[in-house]
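Q: So that we are looking at the same thing, I have put the structure below in structure tokens.
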Amino acid sequence: MKIALIGQSLFGQEVYSSLRKEGHEVVGVFTVPDKDGKADPLGLEAEKDGVPVFKFPRWRVKGQALPDVVAKYQALGAELNVLPFCSQFIPMEVISGPRHGSIIYHPSLLPRHRGASAINWTLIHGDKKGGFTIFWADDGLDTGDLLLQKECEVLPDDTVSTLYNRFLFPEGVKGMVQAVRLIAEGKAPRLPQPEEGATYEGIQKKETAKINWAQPAEAIHNWIRGNDKVPGAWTEAGGQKLTFFNSTLNTTGVVPQGEALPIPGAHRPGVVTEAGLILFGNDDRMLLVKNIQLEDGKMIPAANFFKGADSSALELTEEEQALAEAVRSAWKRILPNVPEVEDSTDFFKSGAASVDVVRLVEEVKELCDGLELENEDVYMATAFGDFVQLVVRKLRGDDGESECVIDYVEMTANKMTLRMPHQLFIGGQFVDAEGAKTYETINPTDGSVICQVSLAQVSDVDKAVAAAKDAFENGLWGKISARDRGRLLYRLADLMEQHQEELATIEAVDAGAVYTLALKTHVGMSIQTFRYFAGWCDKIQGSTIPINQARPNRNLTLTRKEPIGVCGIVIPWNYPLMMLSWKTAACLAAGNTVVIKPAQVTPLTALKFAELTLKAGIPKGVVNILPGSGSLVGQRLSDHPDVRKIGFTGSTEVGKHIMKSCALSNVKKVSLELGGKSPLIIFADCDLGKAVQMGMSSVFFNKGENCIAAGRLFLEDSIHDQFVQRVVEEVRKMKIGNPLDRDTNHGPQNHQAHLQKLAQYCQRGVAEGATLVCGGKPVPRPGFFFEPTVFTDVEDRMFIAKEESFGPVMIISRFADGDVDTVLSRANATEFGLASGVFTRDVNKALYVSDKLQAGTVFINTYNKTDVAAPFGGFKQSGFGKDLGNRALDISSSLWGEALSQGQGSP
């Protein structure tokens, strides 16, 4: 089709380019006149392509179309007018002139928010849904027939910019192209706009953007974010006009303690805190403002409102002075009407617009070889001299930790919006894998794809190890005091607690964990683990040992514990966040840095954890996360000469291979938590009700995907039948279903391959002669659900008596009444020794049996009761080394000895 494009801005430019790629002929572009000597991006792009460009200052006077303007338009012979973000009034002679008429883009879900400032009003009104409309132009104000609409969720802290950049811009461009395609195919609808629900508000201007304090906090927040960045919501306070930006209702953990800022008309004075400026609505709820623009136009962090200006300007080196002149040249190119750029030249007062901010940032980043510079930095340093100082400070590394840009995957689940990073996390940045390789992570509840996750390659492992090594040897982590390290880990635990519902929901979606269990155990124990080891940071110490040497010397040996360096952590898929926390917290508390490989099938909580480490202020490079395959990423970590320790949870077979690789590479330390076949012996003199309850938990807890699950129950003959009957009754009461439902007892298995393995495991049990009492097969529904299963008459020779199912399969064997030593011999007749249990009311018997059981943990009249303060680990081929408790610090540090001879000078 022959198209006339009438509009402006980068949006108009993208629509123009996309339509040309579709094969349409753009016969003319009509955009706004140059401003301050600068052409609009749409006009510039069209001129490059040799397309006629018209820059009419107006199309009509006193409501009448200008004949010469209309004539120039008509001469082009357009079949359709496309108006992306058109800010001019176009006469009906032009609107209805083409054969197909005219279509317009509008950034709201019409008929709501007709007119200008639609995005602002979407936010000001607190709409939960936003979006855009493409409609057929008529002689009304955004009242024409609807052609196409697309909607999106409006997030609680969205601003005009975030909503525009996340959805309205990229999807709007696609929508314009789709609309033109429908018209070309003769399939474009014309749906009359309803009047019901129609709204119209005037354009937002600075004089009308004053804050009304007689409102709840949410309404004030909506007003501020609806006016951010233009025109800016303002109030009078502190003897001047203050404009507020970057508002949030998320004040979890923010304490309203600081210096009061009286605000005329406000329900309560504001409070300037380290987090920013706390404001109050008339409902006494809080909101937090991060940035304030002063009356002179300078933008400052709200936390610095009562602090004097930093007068200590840096003295620039010759190289930095040359850079400053290059930056000055960039300012001159962007501000052609400014005769000379002085230190006092203000970027915005000199005519710069928001698009110029993007240009400046990109030019300076190119000058400085990828310097981490954000648009926000320009708003915070609007004068040239201040901007140069900011750039130099960043280059010197004196600016503190800059905010990381995160490409989130968003999905709605559990009545919340999950925002999940999906890239590798290396050196404090989320980045794509080498070659942009990705894989799909699957929701086990229905088998659907959650998102694409970056798939780490060998080169990515090397980059992550290098970042961790640099952070250990040269970074802040090794320089701060142990107490400050603990403070950061406490802060991380607090952030995990603030995000616990989101983390638990991600565990449910990505791993199939029942939400209530995930909240208590997967996430709850992770938080406890970091808090526990945060308290150990300044208590990792050596000792003073007197040594016996020949007189008259009296000698001492001083020992101290030192961090060992880069630790590789390889975690399993059954408790993705908890296993990460068990293994990582001790390493960090000891002062090490880590490279973590989450299980390939459950990477998302690990990546969310990475985001929280940034928010906690953990220095870049201390924590690195590499989703990927064990054979590639795990193997490279085991082989890498700069990795000094491997922590691994998984199968015994893989553990043996890792141990060999660690020995051959550089004799690195290893801690291994491997397979299990934990015996649970239940005597007839037990509390049978409790034994049934805990026996069920010992097997079916976390759908059986539990490293210490009771792999085999030994029942004394006299209670065998009664126990089995009661267990089957309880199994039938279990609700199998969506793990996010609050009454679900049993969620899906973690992934498809594991589901198939469980089915084969049960088939083999039946084939060898065990009695299948119930279950034994997948549930006939979408997702990876497996029935809770009970086998009886299991003999010691059988496969299911020896091998771990790692699923909801209860294996029951009998033993003769009173034959304690025989059942102990059978229970210990395995190469595994992770956990075990005994149920009896006889204290002497309990102590005797627990002493004889060969396992790292023995539960007496209970099961699954682990605690962060209690060491956890196995015997025999279940591995060695401890997670949790202060013993976990031993393998995360090295003991150094120094001899000191008293009276003989230096040690």
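Residue numbers start at 1 in each chain; chains themselves are named A, B, ... in the order of the structure tokens; ligands are numbered from 1 in the order shown.
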Residues at most 6 Å from region 829-836 of chain A, counting only C-alpha atoms, excluding those fewer than 2 positions away in the same chain, as an MDAnalysis selection string?

A: chainID A and resid 676:680 708 826:827 854:858 874:878

Q: Could those residues be written to a file, using all heavy atoms, as a compact mmCIF listing (two decimals), in the first residue's frame?

A:
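Final file, out_32.txt:
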```
# COMPACT_ATOMS: atom_id res chain seq x y z
N GLY A 676 21.08 -41.71 49.12
CA GLY A 676 20.65 -42.25 50.40
C GLY A 676 19.67 -43.38 50.23
O GLY A 676 19.00 -43.51 49.21
N LYS A 677 19.59 -44.22 51.23
CA LYS A 677 18.54 -45.25 51.32
C LYS A 677 18.25 -45.39 52.81
O LYS A 677 18.49 -46.43 53.44
CB LYS A 677 19.03 -46.57 50.71
CG LYS A 677 17.93 -47.62 50.58
CD LYS A 677 16.85 -47.23 49.60
CE LYS A 677 15.82 -48.34 49.44
NZ LYS A 677 14.67 -47.90 48.60
N SER A 678 17.74 -44.31 53.39
CA SER A 678 17.65 -44.18 54.84
C SER A 678 16.65 -45.16 55.44
O SER A 678 15.47 -45.16 55.05
CB SER A 678 17.25 -42.75 55.19
OG SER A 678 18.20 -41.84 54.65
N PRO A 679 17.07 -45.99 56.39
CA PRO A 679 16.15 -46.93 57.03
C PRO A 679 15.37 -46.26 58.16
O PRO A 679 15.89 -45.41 58.87
CB PRO A 679 17.09 -48.01 57.58
CG PRO A 679 18.36 -47.26 57.88
CD PRO A 679 18.46 -46.17 56.83
N LEU A 680 14.12 -46.66 58.32
CA LEU A 680 13.30 -46.20 59.44
C LEU A 680 12.74 -47.46 60.11
O LEU A 680 11.94 -48.19 59.50
CB LEU A 680 12.17 -45.29 58.96
CG LEU A 680 11.13 -44.87 60.00
CD1 LEU A 680 11.79 -44.18 61.19
CD2 LEU A 680 10.08 -43.96 59.37
N ILE A 708 16.88 -37.11 52.53
CA ILE A 708 16.88 -37.95 53.73
C ILE A 708 15.59 -38.75 53.85
O ILE A 708 15.28 -39.30 54.91
CB ILE A 708 17.10 -37.12 55.01
CG1 ILE A 708 16.04 -36.02 55.14
CG2 ILE A 708 18.50 -36.54 55.04
CD1 ILE A 708 16.08 -35.28 56.46
N ARG A 826 20.11 -55.65 58.89
CA ARG A 826 19.47 -55.41 57.59
C ARG A 826 19.47 -53.92 57.24
O ARG A 826 19.69 -53.53 56.09
CB ARG A 826 18.05 -55.96 57.61
CG ARG A 826 17.96 -57.47 57.74
CD ARG A 826 16.52 -57.91 57.98
NE ARG A 826 15.68 -57.66 56.82
CZ ARG A 826 14.35 -57.73 56.84
NH1 ARG A 826 13.71 -58.01 57.98
NH2 ARG A 826 13.66 -57.50 55.73
N ALA A 827 19.20 -53.09 58.24
CA ALA A 827 19.15 -51.64 58.01
C ALA A 827 20.51 -51.10 57.58
O ALA A 827 20.60 -50.17 56.76
CB ALA A 827 18.67 -50.92 59.26
N GLN A 854 24.25 -46.81 61.16
CA GLN A 854 25.40 -46.18 60.49
C GLN A 854 24.92 -45.07 59.55
O GLN A 854 24.77 -45.27 58.35
CB GLN A 854 26.19 -47.25 59.72
CG GLN A 854 26.76 -48.35 60.62
CD GLN A 854 27.26 -49.54 59.83
OE1 GLN A 854 27.18 -49.58 58.60
NE2 GLN A 854 27.79 -50.53 60.53
N ALA A 855 24.66 -43.91 60.14
CA ALA A 855 24.13 -42.79 59.36
C ALA A 855 24.54 -41.47 60.01
O ALA A 855 24.76 -41.41 61.22
CB ALA A 855 22.61 -42.87 59.26
N GLY A 856 24.63 -40.45 59.18
CA GLY A 856 25.03 -39.13 59.69
C GLY A 856 24.02 -38.50 60.60
O GLY A 856 24.37 -37.72 61.49
N THR A 857 22.75 -38.82 60.42
CA THR A 857 21.67 -38.30 61.27
C THR A 857 20.76 -39.44 61.65
O THR A 857 20.37 -40.25 60.80
CB THR A 857 20.85 -37.23 60.53
OG1 THR A 857 21.69 -36.15 60.15
CG2 THR A 857 19.73 -36.69 61.41
N VAL A 858 20.42 -39.53 62.94
CA VAL A 858 19.45 -40.52 63.41
C VAL A 858 18.31 -39.77 64.08
O VAL A 858 18.52 -39.00 65.02
CB VAL A 858 20.07 -41.51 64.41
CG1 VAL A 858 19.03 -42.53 64.86
CG2 VAL A 858 21.28 -42.21 63.81
N GLY A 874 26.67 -37.13 55.58
CA GLY A 874 26.48 -38.58 55.54
C GLY A 874 27.70 -39.39 55.91
O GLY A 874 28.80 -38.86 56.09
N PHE A 875 27.47 -40.70 56.01
CA PHE A 875 28.52 -41.69 56.19
C PHE A 875 28.65 -42.47 54.88
O PHE A 875 27.82 -42.38 53.98
CB PHE A 875 28.15 -42.69 57.30
CG PHE A 875 28.27 -42.15 58.70
CD1 PHE A 875 28.60 -40.82 58.95
CD2 PHE A 875 28.03 -42.97 59.79
CE1 PHE A 875 28.70 -40.34 60.24
CE2 PHE A 875 28.13 -42.50 61.09
CZ PHE A 875 28.45 -41.19 61.32
N LYS A 876 29.71 -43.27 54.81
CA LYS A 876 29.93 -44.21 53.70
C LYS A 876 29.76 -43.50 52.34
O LYS A 876 30.27 -42.38 52.15
CB LYS A 876 29.02 -45.44 53.86
CG LYS A 876 29.27 -46.20 55.15
CD LYS A 876 28.52 -47.50 55.24
CE LYS A 876 27.07 -47.36 55.55
NZ LYS A 876 26.39 -48.63 55.85
N GLN A 877 29.03 -44.11 51.41
CA GLN A 877 28.92 -43.53 50.08
C GLN A 877 27.82 -42.48 49.97
O GLN A 877 27.46 -42.05 48.88
CB GLN A 877 28.71 -44.63 49.03
CG GLN A 877 29.95 -45.49 48.84
CD GLN A 877 29.89 -46.36 47.60
OE1 GLN A 877 29.50 -45.90 46.52
NE2 GLN A 877 30.30 -47.61 47.73
N SER A 878 27.34 -42.04 51.12
CA SER A 878 26.45 -40.87 51.12
C SER A 878 27.24 -39.58 51.23
O SER A 878 26.65 -38.50 51.29
CB SER A 878 25.44 -40.97 52.27
OG SER A 878 24.44 -41.91 51.98
```

Q: May I have all residues of region 217-271 of chain A that DSSP, computed from the backbone, assigns to alpha helix (DSSP H), given as a list in words?

A: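 Restricting region 217-271 of chain A to alpha helix (DSSP H) produces Ala217, Glu218, Ala219, Ile220, His221, Asn222, Trp223, Ile224, Arg225 and Gly226 of chain A.
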
Q: How many Å separate CA of Thr771 (chain A) from CA of Phe859 (chain A)?

A: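 Pair CA of Thr771 (chain A) / CA of Phe859 (chain A) returns 27.5 Å.
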
Q: Write out as a list in words the residues lying within 9 Å of region 203-210 of chain A, counting only C-alpha atoms and excluding same-chain residues fewer than 3 positions away.

A: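 Here the answer would be Gly115, Ala116, Ser117, Ala118, Asn120, Trp121, Trp223, Ile224, Asn227, Val230, Pro231, Gly232, Ala233, Trp234, Thr235, Glu236 and Thr243 of chain A.
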
Q: Keeping only N, CA, C and O atoms, write those residues as an mmCIF file, in the first residue's frame.

A:
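After the write, result-v1.cif holds the following:
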```cif
data_model
loop_
_atom_site.group_PDB
_atom_site.id
_atom_site.type_symbol
_atom_site.label_atom_id
_atom_site.label_comp_id
_atom_site.auth_asym_id
_atom_site.auth_seq_id
_atom_site.Cartn_x
_atom_site.Cartn_y
_atom_site.Cartn_z
ATOM 1 N N GLY A 115 -7.898 11.653 24.735
ATOM 2 C CA GLY A 115 -7.164 12.911 24.789
ATOM 3 C C GLY A 115 -5.707 12.717 25.151
ATOM 4 O O GLY A 115 -5.159 11.619 25.107
ATOM 5 N N ALA A 116 -5.068 13.833 25.521
ATOM 6 C CA ALA A 116 -3.629 13.828 25.791
ATOM 7 C C ALA A 116 -3.326 13.250 27.174
ATOM 8 O O ALA A 116 -4.223 13.041 27.988
ATOM 9 N N SER A 117 -2.029 12.990 27.407
ATOM 10 C CA SER A 117 -1.536 12.499 28.706
ATOM 11 C C SER A 117 -2.205 11.204 29.147
ATOM 12 O O SER A 117 -2.399 10.952 30.334
ATOM 13 N N ALA A 118 -2.542 10.348 28.181
ATOM 14 C CA ALA A 118 -3.267 9.125 28.509
ATOM 15 C C ALA A 118 -2.479 8.213 29.445
ATOM 16 O O ALA A 118 -3.047 7.623 30.368
ATOM 17 N N ASN A 120 -0.208 9.084 31.609
ATOM 18 C CA ASN A 120 -0.214 9.711 32.932
ATOM 19 C C ASN A 120 -1.490 9.357 33.685
ATOM 20 O O ASN A 120 -1.464 8.953 34.853
ATOM 21 N N TRP A 121 -2.624 9.499 32.992
ATOM 22 C CA TRP A 121 -3.900 9.290 33.671
ATOM 23 C C TRP A 121 -4.145 7.820 33.987
ATOM 24 O O TRP A 121 -4.810 7.490 34.976
ATOM 25 N N TRP A 223 -0.187 9.672 41.887
ATOM 26 C CA TRP A 223 -0.029 11.017 41.343
ATOM 27 C C TRP A 223 1.442 11.290 41.000
ATOM 28 O O TRP A 223 1.762 11.820 39.934
ATOM 29 N N ILE A 224 2.338 10.888 41.901
ATOM 30 C CA ILE A 224 3.768 11.140 41.671
ATOM 31 C C ILE A 224 4.268 10.327 40.481
ATOM 32 O O ILE A 224 4.929 10.848 39.580
ATOM 33 N N ASN A 227 3.147 11.467 37.045
ATOM 34 C CA ASN A 227 3.764 12.696 36.544
ATOM 35 C C ASN A 227 5.279 12.579 36.375
ATOM 36 O O ASN A 227 5.965 13.566 36.118
ATOM 37 N N VAL A 230 7.743 13.795 33.397
ATOM 38 C CA VAL A 230 7.165 15.051 32.968
ATOM 39 C C VAL A 230 5.678 15.041 33.305
ATOM 40 O O VAL A 230 4.990 14.049 33.039
ATOM 41 N N PRO A 231 5.151 16.119 33.896
ATOM 42 C CA PRO A 231 5.835 17.370 34.256
ATOM 43 C C PRO A 231 6.485 17.342 35.622
ATOM 44 O O PRO A 231 7.196 18.251 35.998
ATOM 45 N N GLY A 232 6.232 16.290 36.398
ATOM 46 C CA GLY A 232 6.799 16.195 37.734
ATOM 47 C C GLY A 232 5.826 16.665 38.790
ATOM 48 O O GLY A 232 5.366 17.809 38.766
ATOM 49 N N ALA A 233 5.469 15.772 39.727
ATOM 50 C CA ALA A 233 4.573 16.150 40.826
ATOM 51 C C ALA A 233 5.365 16.926 41.864
ATOM 52 O O ALA A 233 6.458 16.527 42.243
ATOM 53 N N TRP A 234 4.779 18.019 42.356
ATOM 54 C CA TRP A 234 5.560 18.902 43.225
ATOM 55 C C TRP A 234 4.766 19.352 44.436
ATOM 56 O O TRP A 234 3.546 19.216 44.502
ATOM 57 N N THR A 235 5.507 19.865 45.384
ATOM 58 C CA THR A 235 4.918 20.453 46.582
ATOM 59 C C THR A 235 5.855 21.549 47.077
ATOM 60 O O THR A 235 6.998 21.664 46.619
ATOM 61 N N GLU A 236 5.372 22.331 47.995
ATOM 62 C CA GLU A 236 6.221 23.344 48.627
ATOM 63 C C GLU A 236 6.669 22.819 49.970
ATOM 64 O O GLU A 236 5.855 22.417 50.800
ATOM 65 N N THR A 243 10.148 18.831 43.550
ATOM 66 C CA THR A 243 9.485 17.905 42.635
ATOM 67 C C THR A 243 9.964 16.497 42.942
ATOM 68 O O THR A 243 11.169 16.257 43.075
#
```

Q: Running DSSP on the backbone, which parts of region 180-420 of chain A land in strand (DSSP E), as a PyMOL selection string?

A: chain A and resi 233-237+240-248+259-261+270-273+276-280+286-293+299-301+408-413+416-420

Q: Tell me which of A:Gly126, A:Met299, A:Thr199, A:Glu315 sits closest to Phe244 (chain A), counting only C-alpha atoms.

A: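 Closest to Phe244 (chain A) of all the choices is A:Met299.
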
Q: Using only C-alpha atoms, determine which residues lie at most 6 Å from region 419-431 of chain A, disregarding the query and same-chain residues fewer than 4 positions distant; provide the list as a PyMOL selection string.

A: chain A and resi 408-410+453-454+464+467+607+620-621+624-626

Q: Let me see the file: selected residues, N, CA, C and O atoms, as a compact mmCIF listing (two decimals), in the first residue's frame.

A:
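Result went into part12.txt, see below:
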```txt
# COMPACT_ATOMS: atom_id res chain seq x y z
N TYR A 408 13.85 -8.88 32.88
CA TYR A 408 12.97 -9.80 33.59
C TYR A 408 12.06 -10.57 32.63
O TYR A 408 11.64 -10.06 31.60
N VAL A 409 11.73 -11.78 33.04
CA VAL A 409 10.59 -12.50 32.48
C VAL A 409 9.47 -12.33 33.50
O VAL A 409 9.66 -12.57 34.69
N GLU A 410 8.30 -11.92 33.03
CA GLU A 410 7.19 -11.68 33.94
C GLU A 410 6.08 -12.70 33.69
O GLU A 410 5.79 -13.07 32.56
N VAL A 453 15.97 -19.74 29.38
CA VAL A 453 17.04 -19.42 30.33
C VAL A 453 18.38 -19.56 29.62
O VAL A 453 18.58 -20.48 28.83
N SER A 454 19.28 -18.65 29.90
CA SER A 454 20.62 -18.71 29.30
C SER A 454 21.32 -20.00 29.71
O SER A 454 21.29 -20.38 30.88
N ALA A 464 33.13 -16.45 34.89
CA ALA A 464 32.59 -16.37 36.25
C ALA A 464 33.67 -16.65 37.29
O ALA A 464 33.74 -15.96 38.32
N ALA A 467 35.85 -13.64 37.52
CA ALA A 467 35.19 -12.56 38.28
C ALA A 467 35.22 -12.86 39.77
O ALA A 467 35.47 -11.96 40.59
N LEU A 607 18.49 -17.42 40.27
CA LEU A 607 18.68 -16.17 39.57
C LEU A 607 17.98 -15.02 40.29
O LEU A 607 18.48 -13.89 40.29
N LYS A 620 30.18 -6.88 43.58
CA LYS A 620 30.15 -7.58 42.31
C LYS A 620 31.22 -8.67 42.27
O LYS A 620 32.35 -8.46 42.71
N GLY A 621 30.84 -9.81 41.72
CA GLY A 621 31.78 -10.91 41.56
C GLY A 621 31.80 -11.88 42.73
O GLY A 621 32.33 -12.98 42.60
N ASN A 624 28.18 -15.57 41.73
CA ASN A 624 27.97 -15.76 40.30
C ASN A 624 27.08 -16.98 40.10
O ASN A 624 27.26 -17.99 40.79
N ILE A 625 26.13 -16.90 39.16
CA ILE A 625 25.17 -17.99 38.95
C ILE A 625 25.22 -18.42 37.49
O ILE A 625 25.07 -17.59 36.59
N LEU A 626 25.39 -19.73 37.27
CA LEU A 626 25.52 -20.26 35.91
C LEU A 626 24.55 -21.41 35.68
O LEU A 626 24.88 -22.58 35.92
```

Q: Within 9 Å of Ile812 (chain A), counting only C-alpha atoms, which residues qualify if same-chain residues fewer than 4 places away don't, as a ChimeraX atom specification?

A: /A:712-715,720,724,790-794,801

Q: Could the residues in this selection be saved with C-alpha atoms as a short mmCIF file (atom, residue, chain, number, x, y, z; two decimals), in the first residue's frame?

A:
```cif
data_model
loop_
_atom_site.label_atom_id
_atom_site.label_comp_id
_atom_site.auth_asym_id
_atom_site.auth_seq_id
_atom_site.Cartn_x
_atom_site.Cartn_y
_atom_site.Cartn_z
CA ARG A 712 12.80 -48.34 53.54
CA LEU A 713 10.53 -48.86 56.53
CA PHE A 714 11.11 -51.90 58.78
CA LEU A 715 7.94 -52.81 60.72
CA HIS A 720 2.66 -54.44 60.37
CA VAL A 724 -0.18 -50.48 56.51
CA VAL A 790 3.00 -48.15 49.02
CA PHE A 791 4.84 -51.48 48.57
CA THR A 792 4.79 -54.30 51.13
CA ASP A 793 6.43 -57.72 51.27
CA VAL A 794 9.69 -56.17 50.11
CA ALA A 801 14.99 -52.50 48.72
#
```

Q: Using only C-alpha atoms, which residues sit within 7 Å of region 282-289 of chain A once same-chain residues fewer than 3 positions away are excluded, as a short mmCIF file (atom, residue, chain, number, x, y, z; two decimals) with N, CA and C atoms, in the first residue's frame?

A:
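Generated output (part24.cif):
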```cif
data_model
loop_
_atom_site.label_atom_id
_atom_site.label_comp_id
_atom_site.auth_asym_id
_atom_site.auth_seq_id
_atom_site.Cartn_x
_atom_site.Cartn_y
_atom_site.Cartn_z
N ALA A 214 -4.46 15.56 50.86
CA ALA A 214 -5.65 15.03 51.54
C ALA A 214 -6.11 13.74 50.85
N GLN A 215 -5.21 12.79 50.72
CA GLN A 215 -5.49 11.54 50.02
C GLN A 215 -4.73 10.40 50.71
N PRO A 216 -5.15 9.16 50.47
CA PRO A 216 -4.38 8.02 50.96
C PRO A 216 -3.01 7.95 50.28
N ALA A 217 -2.12 7.18 50.88
CA ALA A 217 -0.75 7.06 50.35
C ALA A 217 -0.73 6.53 48.93
N HIS A 221 1.02 8.28 45.74
CA HIS A 221 2.01 7.54 44.94
C HIS A 221 1.62 7.52 43.47
N PHE A 244 9.02 15.56 43.06
CA PHE A 244 9.33 14.21 43.50
C PHE A 244 9.32 13.22 42.33
N PHE A 245 10.31 12.32 42.35
CA PHE A 245 10.41 11.28 41.32
C PHE A 245 10.75 9.94 41.97
N ASN A 246 10.45 8.88 41.22
CA ASN A 246 10.80 7.51 41.64
C ASN A 246 10.14 7.17 42.97
N SER A 247 8.82 7.10 42.93
CA SER A 247 8.03 6.77 44.12
C SER A 247 7.74 5.28 44.16
N THR A 248 7.62 4.73 45.36
CA THR A 248 7.26 3.33 45.52
C THR A 248 6.44 3.15 46.79
N LEU A 249 5.52 2.20 46.74
CA LEU A 249 4.76 1.82 47.93
C LEU A 249 5.43 0.68 48.67
N THR A 251 7.67 -0.32 50.97
CA THR A 251 8.49 0.23 52.06
C THR A 251 8.84 -0.84 53.08
N HIS A 267 -0.47 15.23 55.89
CA HIS A 267 -1.02 14.62 57.10
C HIS A 267 0.03 14.54 58.21
N GLY A 276 15.60 7.11 51.47
CA GLY A 276 14.95 8.15 50.68
C GLY A 276 14.00 8.94 51.55
N LEU A 277 13.07 9.65 50.93
CA LEU A 277 12.11 10.48 51.64
C LEU A 277 10.82 9.70 51.85
N ILE A 278 10.47 9.48 53.11
CA ILE A 278 9.21 8.82 53.44
C ILE A 278 8.11 9.88 53.53
N LEU A 279 7.00 9.63 52.82
CA LEU A 279 5.83 10.49 52.87
C LEU A 279 4.65 9.70 53.41
N ALA A 302 16.97 11.64 47.30
CA ALA A 302 16.15 12.16 48.40
C ALA A 302 16.84 11.99 49.74
#
```

Q: May I ask which of the residues A:Leu577, A:Ala691, A:Ile211, A:Leu637 is the closest one to Asn666 (chain A), counting only C-alpha atoms?

A: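 Nearest to Asn666 (chain A): A:Leu637.
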
Q: In terms of the shortest atom-to-atom distance over only C-alpha atoms, which of A:Leu19, A:Val70, A:Leu489, A:Leu758 is closest to Gly617 (chain A)?

A: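 Looking at the shortest contact to Gly617 (chain A), the residue is A:Leu489.
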
Q: Of the candidates A:Thr122, A:Ser18, A:Ser344, A:Ser96, which shows the shortest atom-to-atom distance to Arg181 (chain A), using only C-alpha atoms?

A: A:Ser18

Q: Pick out the residues sitting within 12 Å of Gln756 (chain A), and hand them over as a VMD selection string; count only C-alpha atoms, and ignore anything fewer than 6 positions along from it in its own chain.

A: chain A and resid 749 to 750 762 to 763 776 to 779 784 to 786 805 807

Q: Could you write those residues out with C-alpha atoms, as a compact mmCIF listing (two decimals), in the first residue's frame?

A:
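This is the output file part-v2.txt:
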```txt
# COMPACT_ATOMS: atom_id res chain seq x y z
CA GLN A 749 7.29 -34.41 40.45
CA ASN A 750 10.07 -32.11 39.37
CA CYS A 762 7.53 -49.31 40.51
CA GLN A 763 7.20 -51.66 37.55
CA GLY A 776 2.52 -47.02 41.37
CA LYS A 777 1.72 -44.99 38.28
CA PRO A 778 1.46 -41.41 36.96
CA VAL A 779 -1.76 -39.49 37.59
CA PHE A 784 4.23 -34.62 36.05
CA PHE A 785 2.08 -36.03 38.87
CA PHE A 786 2.74 -39.45 40.39
CA SER A 805 13.40 -43.91 44.36
CA GLY A 807 9.92 -40.08 44.92
```
